[in-house]
Amino acid sequence: MMKQLQVCLTFFLLLVGTQSYAQNNYTISGYVKEKGSGELLPGVTIYDANLQLGTTTNTYGFYSLTLPAGSRQLVYTFVGYERVVKTIDLKDNITLDLDFLPSTVELETVEVNATAQERVSESVEMSKMILPVSQIQDLPAFLGEKDVIKTLQLMPGVQSGREGSSDLHVRGGGGDQNLLILDDAVVYNANHLFGFFSVFNGEALKSVEVYKGGFPARYGGRLSSVIDMNMKEGNKEEFHGSASVGLISSSATVEGPLKKGKSSFLVSGRRTYVDILTRPFMDDDFNAGYYFYDLNTKVNYDFGPKNKVYVSGYFGRDRFYSSEDYRDDEFKAGLEWGNATGTVRWNHLFNQKLFANATLIASNYKFGLFQDERYQEYHPDGREEVHLKMRYNSNITDYSFKYDLDYMPTAKHQLKMGVILTNHRFSPSAFVFKGPETDIDERQLISTLEGGVYIEDIYKPTARLTLNPGFRLSTFYHEGRTYVQPEPRFNVSYVVSKDLAIKASYAMMNQYVHRLSNTGIGLPTDLWVSSTKNVLPQTSQQVAAGLAKDIDKYGLTLTVEGYYKRSINAISYKEGASFLFLENLFEGENNEVDWENNITRGNDTSYGVEVMLQRKVGRLSGWVGYTLSWSERQFDELNLGKSFYAPWDQRHDLSIAGSYKISDRVSVGATWVYGSGTPLTMAVAKTPSDVHSPELDAHAPKDPLGQTYYSYQPTRDYYGTLSNFRRPAYHRMDIAFRFHKQKKYFQRTWEVGAYNVYNRQNMFFYTTDYEYDYRNDQEYAYLQQVSLFPVIPYVSYKVTF
């Protein structure tokens, strides 16, 4: 393993060494920020068109570009901002900070030239999407709740799995194979309201980057995608804010300077009030409710050009509860789940070519359900109060240290390197039960250590060819077992013409934490567990190739990509297994089932083609995305060892999303989605319980201990094979109109829209009826479709000041 690492590091040194260092090369460096707010801008392109050399700002808005001496003309471009051209007489190292002005040009023929448009043909990265936060605000949303995850589900290669879910299935991967990062902190559960909303508040976000493949070496720990989100820093010049009221929730955001030009803050909160609205309809004896809330906070301080400090956090919670009080009997029950993250980051600029970022991170996800019951038990000698109390918890807590370096020795090299160390603390199951004769307190605690070291380079040997080699070495330790896994990465781009490039990538990823789910839709009951001696880490390899073309005349970008991904050691519940590992309370036997004995291991294979046509500038913006894909699974202990289609396998997926600015005061946004049916496993018949065969036994229901039920039922369900049925095709259309008006002290926006405009009855789940066939002496299943959402109109009101 060390030999592999030495070879890789030698390769990087040779790459850097191939560049001759002329004595008359000088460095231009600085920060790029938004004019008026001081917000630092990541991803800004700085380019010398004559030399065909350039760079981009990093996450913190810093750039460095080394060029030959002489008269240099630098072009600064960023999506949604006016293009800036600077002519410089370069005869020494200089610092050049730049304020970027958001574009306000409305004329279509002028805007394409005056406003920056991302050029996909000039980037070496593939399978990457940059999602403008402003575009999220312009599109219609379920009940008016603007949602990053729902918008990502409209992108090619990204499926939701089913109606109403905030889970993501990227290029055939499971919902737990996505690395969700908010200001460097991992978010483990992105769902509110059982998956109908996500936890990410668009009002608090500055940037959203998505990688579906060709992963940079700085990312690790997941197999399918990386979704890297950064919160706004807050306005350093003046106070601003917004507040909105919708059908089920309200939100507010406030930002401003703590010390003008030096320090700023951001606070953004959101809460639903379903529980408040339903309270008047509850009777005196019964009460139930549900709510969720989010809170995003961030402060920063600029100590000068060399040091900056950021402190940010996210806190969110969902709670469902019910209570009943009848005479002397009381009953309370509920469930709750939530995330909490905290990040402290220190930027330090060593010199014009070396930028460092040190980060301390804490992240926690917790799920719990509870039940508390008091009742009177009557005996011949009188009555006795019985008190039963039960609570089940599951959580994961991470503490991480991360150190990253950006080193830009020449205009042809951009190196990134760093290290990360994370302590995972798992509690897959913590069960407490107290009763008159029973007192149980069972807890599972697992502590592990995960680490990674990486190095990557963007190397431009010629004007047409760009290489992005990378290497990550990941490690994981648990109870004496250490995994050391190499993760090579490589991207290459060749520019065929000024607006057309051919790209290819290869990436190996490893995943040491896993989500156990028997629902497939990311409910809070899903458990996060660790790799162990018996549970091996998941590993994937993905190759991709495609074309990237810029159509400058119309401000369009076109990408076509094909991919193939193979994953090993994927985990799943065994058939009939449950997420609750409870003891047999009535028998008093210690029959607790460990989660490791409830799972099985297998392989996943996915492949497909993605096409995306996108426009990010102009009055009309949006995209058309299409995916043709296959996703298959194979587990020795499932489906008699035969391969089967994954529950999220979707042959065709088409999304059309767009917004149009009718005038300065009126805009309209619309989306239309179509997806062919995804697989599910349905019982096809009922057979007598005394009929046995290897195939029937393999699909018979089992209890958590693995015992097959025969004697408790006269008949049993017969499934045949897994994924033996497909849902009907899914499609719907959403639309929203936004009406803006500038008042004296604020701007107000009314939004009126509708979800599922033409009232498509999409399947949410099926109920099963049976009809007995006397000729064959079998019962056959008939399905009744249950739909969840009809056409749902909504209205919201927002003020911005």
# chains A, B, ... in the order shown; residues from 1 in each chain; ligands from 1
>>> residues_around(residues="range 496-500 of chain A", least_positions_apart="5", cutoff="7 Å", atoms="only C-alpha atoms", output="ChimeraX atom specification")
/A:121,548-550
>>> write_last_selection(atoms="C-alpha atoms", output="CSV table (one decimal), in the first residue's frame")
chain,number,residue,atom,x,y,z
A,121,SER,CA,-16.1,23.1,-22.5
A,548,ALA,CA,-19.5,19.3,-23.5
A,549,LYS,CA,-20.5,22.1,-25.9
A,550,ASP,CA,-21.1,25.8,-25.4
>>> residues_around(residues="Phe62 in chain A", least_positions_apart="6", cutoff="7 Å", atoms="only C-alpha atoms", output="ChimeraX atom specification")
/A:30-32
>>> select_by_dssp(residues="range 255-460 of chain A", states="strand (DSSP E or B)", output="number ranges by chain")
A: 255-259, 263-272, 286-302, 307-326, 329-351, 354-379, 382-410, 413-434, 439-443, 446-459
>>> closest_atom_pairs(of="range 83-193 of chain A", to="range 276-300 of chain A", cutoff="12 Å", atoms="only C-alpha atoms", output="tab-separated table")
residue	atom	partner	partner_atom	distance
A:Leu182	CA	A:Asn296	CA	10.3
A:Asp183	CA	A:Lys298	CA	9.9
A:Ala190	CA	A:Asp294	CA	11.5
A:Asn191	CA	A:Phe292	CA	10.3
A:His192	CA	A:Phe292	CA	6.9
A:Leu193	CA	A:Phe292	CA	7.4
>>> residues_around(residues="His514 in chain A", least_positions_apart="5", cutoff="12 Å", atoms="only C-alpha atoms", output="PyMOL selection string")
chain A and resi 174-179+188+221-223+396+426+428+526-532+535-539+569-573+595-596+599+601
>>> write_last_selection(atoms="N, CA and C atoms", output="mmCIF file, in the first residue's frame")
data_model
loop_
_atom_site.group_PDB
_atom_site.id
_atom_site.type_symbol
_atom_site.label_atom_id
_atom_site.label_comp_id
_atom_site.auth_asym_id
_atom_site.auth_seq_id
_atom_site.Cartn_x
_atom_site.Cartn_y
_atom_site.Cartn_z
ATOM 1 N N GLY A 174 -27.749 3.941 -3.832
ATOM 2 C CA GLY A 174 -28.719 4.011 -2.757
ATOM 3 C C GLY A 174 -28.790 5.383 -2.136
ATOM 4 N N GLY A 175 -29.834 5.608 -1.351
ATOM 5 C CA GLY A 175 -30.033 6.917 -0.744
ATOM 6 C C GLY A 175 -28.970 7.290 0.269
ATOM 7 N N ASP A 176 -28.259 6.291 0.834
ATOM 8 C CA ASP A 176 -27.228 6.595 1.822
ATOM 9 C C ASP A 176 -25.878 6.854 1.182
ATOM 10 N N GLN A 177 -25.788 6.755 -0.149
ATOM 11 C CA GLN A 177 -24.505 6.875 -0.836
ATOM 12 C C GLN A 177 -24.222 8.296 -1.328
ATOM 13 N N ASN A 178 -24.935 9.280 -0.774
ATOM 14 C CA ASN A 178 -24.742 10.681 -1.140
ATOM 15 C C ASN A 178 -24.116 11.426 0.032
ATOM 16 N N LEU A 179 -23.028 12.112 -0.237
ATOM 17 C CA LEU A 179 -22.361 12.909 0.784
ATOM 18 C C LEU A 179 -22.952 14.311 0.775
ATOM 19 N N TYR A 188 -26.663 13.899 7.932
ATOM 20 C CA TYR A 188 -26.993 12.492 7.728
ATOM 21 C C TYR A 188 -28.431 12.265 7.290
ATOM 22 N N GLY A 221 -15.821 9.067 1.269
ATOM 23 C CA GLY A 221 -16.773 8.575 2.256
ATOM 24 C C GLY A 221 -18.112 8.163 1.715
ATOM 25 N N ARG A 222 -18.400 8.432 0.430
ATOM 26 C CA ARG A 222 -19.658 7.998 -0.178
ATOM 27 C C ARG A 222 -19.374 7.507 -1.594
ATOM 28 N N LEU A 223 -20.334 6.753 -2.167
ATOM 29 C CA LEU A 223 -20.118 6.105 -3.461
ATOM 30 C C LEU A 223 -20.750 6.822 -4.644
ATOM 31 N N ILE A 396 -26.037 9.088 15.589
ATOM 32 C CA ILE A 396 -24.649 9.090 15.166
ATOM 33 C C ILE A 396 -24.092 10.485 15.391
ATOM 34 N N PHE A 426 -21.454 5.795 17.060
ATOM 35 C CA PHE A 426 -22.746 5.249 16.668
ATOM 36 C C PHE A 426 -23.483 4.701 17.890
ATOM 37 N N PRO A 428 -26.632 2.487 17.272
ATOM 38 C CA PRO A 428 -27.707 1.975 16.413
ATOM 39 C C PRO A 428 -28.980 1.662 17.173
ATOM 40 N N ASP A 526 -34.733 4.835 9.540
ATOM 41 C CA ASP A 526 -33.535 4.237 8.972
ATOM 42 C C ASP A 526 -32.359 4.437 9.934
ATOM 43 N N LEU A 527 -31.496 3.417 10.013
ATOM 44 C CA LEU A 527 -30.410 3.431 10.979
ATOM 45 C C LEU A 527 -29.067 3.615 10.292
ATOM 46 N N TRP A 528 -28.196 4.432 10.894
ATOM 47 C CA TRP A 528 -26.828 4.580 10.421
ATOM 48 C C TRP A 528 -25.942 3.676 11.258
ATOM 49 N N VAL A 529 -25.173 2.813 10.572
ATOM 50 C CA VAL A 529 -24.317 1.851 11.256
ATOM 51 C C VAL A 529 -22.920 1.908 10.656
ATOM 52 N N SER A 530 -21.993 1.218 11.315
ATOM 53 C CA SER A 530 -20.587 1.311 10.968
ATOM 54 C C SER A 530 -20.096 0.044 10.271
ATOM 55 N N SER A 531 -19.034 0.205 9.484
ATOM 56 C CA SER A 531 -18.292 -0.980 9.050
ATOM 57 C C SER A 531 -17.645 -1.615 10.277
ATOM 58 N N THR A 532 -17.593 -2.949 10.290
ATOM 59 C CA THR A 532 -17.027 -3.686 11.414
ATOM 60 C C THR A 532 -16.125 -4.787 10.865
ATOM 61 N N VAL A 535 -18.808 -6.492 8.716
ATOM 62 C CA VAL A 535 -19.444 -5.647 7.710
ATOM 63 C C VAL A 535 -18.352 -4.870 6.984
ATOM 64 N N LEU A 536 -18.047 -5.276 5.770
ATOM 65 C CA LEU A 536 -16.961 -4.675 5.012
ATOM 66 C C LEU A 536 -17.388 -3.323 4.443
ATOM 67 N N PRO A 537 -16.445 -2.427 4.198
ATOM 68 C CA PRO A 537 -16.800 -1.149 3.565
ATOM 69 C C PRO A 537 -17.289 -1.364 2.140
ATOM 70 N N GLN A 538 -18.210 -0.501 1.730
ATOM 71 C CA GLN A 538 -18.668 -0.531 0.340
ATOM 72 C C GLN A 538 -17.615 0.151 -0.546
ATOM 73 N N THR A 539 -17.427 -0.395 -1.738
ATOM 74 C CA THR A 539 -16.454 0.148 -2.682
ATOM 75 C C THR A 539 -17.089 0.255 -4.063
ATOM 76 N N ASN A 569 -19.988 -5.020 -1.899
ATOM 77 C CA ASN A 569 -20.236 -4.984 -0.455
ATOM 78 C C ASN A 569 -21.364 -4.030 -0.074
ATOM 79 N N ALA A 570 -22.317 -3.823 -0.995
ATOM 80 C CA ALA A 570 -23.527 -3.089 -0.616
ATOM 81 C C ALA A 570 -24.292 -3.923 0.403
ATOM 82 N N ILE A 571 -24.973 -3.273 1.344
ATOM 83 C CA ILE A 571 -25.677 -4.018 2.382
ATOM 84 C C ILE A 571 -27.175 -3.773 2.294
ATOM 85 N N SER A 572 -27.921 -4.758 2.786
ATOM 86 C CA SER A 572 -29.376 -4.669 2.812
ATOM 87 C C SER A 572 -29.883 -5.555 3.932
ATOM 88 N N TYR A 573 -31.074 -5.267 4.423
ATOM 89 C CA TYR A 573 -31.705 -6.165 5.385
ATOM 90 C C TYR A 573 -31.964 -7.522 4.741
ATOM 91 N N TRP A 595 -27.758 -5.999 14.925
ATOM 92 C CA TRP A 595 -28.032 -5.548 13.560
ATOM 93 C C TRP A 595 -27.118 -6.240 12.548
ATOM 94 N N GLU A 596 -25.898 -6.630 12.960
ATOM 95 C CA GLU A 596 -24.993 -7.297 12.029
ATOM 96 C C GLU A 596 -25.548 -8.636 11.548
ATOM 97 N N ILE A 599 -28.368 -8.377 8.418
ATOM 98 C CA ILE A 599 -28.079 -7.815 7.102
ATOM 99 C C ILE A 599 -27.380 -8.841 6.218
ATOM 100 N N ARG A 601 -24.939 -9.026 2.327
ATOM 101 C CA ARG A 601 -24.028 -8.233 1.513
ATOM 102 C C ARG A 601 -24.143 -8.640 0.051
#
>>> decode(residues="range 302-369 of chain A", atoms="C-alpha atoms", output="short mmCIF file (atom, residue, chain, number, x, y, z; two decimals), in the first residue's frame")
data_model
loop_
_atom_site.label_atom_id
_atom_site.label_comp_id
_atom_site.auth_asym_id
_atom_site.auth_seq_id
_atom_site.Cartn_x
_atom_site.Cartn_y
_atom_site.Cartn_z
CA ASP A 302 -11.81 39.37 8.48
CA PHE A 303 -8.47 39.93 10.26
CA GLY A 304 -6.86 41.18 7.06
CA PRO A 305 -5.69 39.69 3.76
CA LYS A 306 -3.98 36.75 5.48
CA ASN A 307 -6.50 35.53 8.09
CA LYS A 308 -10.26 35.02 8.14
CA VAL A 309 -12.40 33.10 10.64
CA TYR A 310 -15.89 31.61 10.10
CA VAL A 311 -18.22 30.02 12.66
CA SER A 312 -21.47 28.44 11.43
CA GLY A 313 -24.13 26.03 12.58
CA TYR A 314 -27.34 24.30 11.59
CA PHE A 315 -30.02 23.01 13.96
CA GLY A 316 -33.20 21.26 12.89
CA ARG A 317 -35.84 19.03 14.43
CA ASP A 318 -39.05 17.19 13.52
CA ARG A 319 -41.56 16.13 16.17
CA PHE A 320 -44.79 14.17 15.93
CA TYR A 321 -46.76 13.60 19.11
CA SER A 322 -50.15 12.41 20.34
CA SER A 323 -51.74 12.16 23.76
CA GLU A 324 -55.00 10.86 25.14
CA ASP A 325 -56.43 11.43 28.58
CA TYR A 326 -59.60 9.55 29.48
CA ARG A 327 -60.70 9.47 33.08
CA ASP A 328 -57.81 7.90 35.03
CA ASP A 329 -55.99 6.60 31.93
CA GLU A 330 -53.23 8.53 30.16
CA PHE A 331 -51.41 7.71 26.95
CA LYS A 332 -48.59 9.64 25.27
CA ALA A 333 -46.57 8.63 22.22
CA GLY A 334 -44.52 10.19 19.48
CA LEU A 335 -41.36 10.26 17.47
CA GLU A 336 -38.74 12.92 16.81
CA TRP A 337 -35.58 13.29 14.79
CA GLY A 338 -33.16 16.04 13.93
CA ASN A 339 -29.69 17.20 12.88
CA ALA A 340 -27.22 19.55 14.51
CA THR A 341 -23.94 20.69 12.95
CA GLY A 342 -21.22 23.14 13.90
CA THR A 343 -18.20 24.35 11.92
CA VAL A 344 -15.25 26.57 12.83
CA ARG A 345 -12.96 27.48 9.91
CA TRP A 346 -9.73 29.46 9.79
CA ASN A 347 -8.38 30.69 6.43
CA HIS A 348 -4.69 31.57 6.31
CA LEU A 349 -2.80 32.94 3.31
CA PHE A 350 0.88 31.95 3.61
CA ASN A 351 1.84 33.76 0.41
CA GLN A 352 0.39 34.57 -3.00
CA LYS A 353 0.56 30.91 -4.07
CA LEU A 354 -0.33 28.99 -0.91
CA PHE A 355 -3.74 29.14 0.77
CA ALA A 356 -4.71 27.06 3.83
CA ASN A 357 -7.97 26.24 5.57
CA ALA A 358 -8.21 24.54 8.98
CA THR A 359 -11.63 23.27 10.09
CA LEU A 360 -13.17 21.82 13.25
CA ILE A 361 -16.51 20.09 12.66
CA ALA A 362 -19.22 18.50 14.80
CA SER A 363 -22.29 16.74 13.41
CA ASN A 364 -25.12 14.82 15.07
CA TYR A 365 -28.20 13.01 13.84
CA LYS A 366 -30.68 11.55 16.33
CA PHE A 367 -33.91 9.60 16.01
CA GLY A 368 -36.19 8.57 18.85
CA LEU A 369 -39.65 7.22 19.56
#
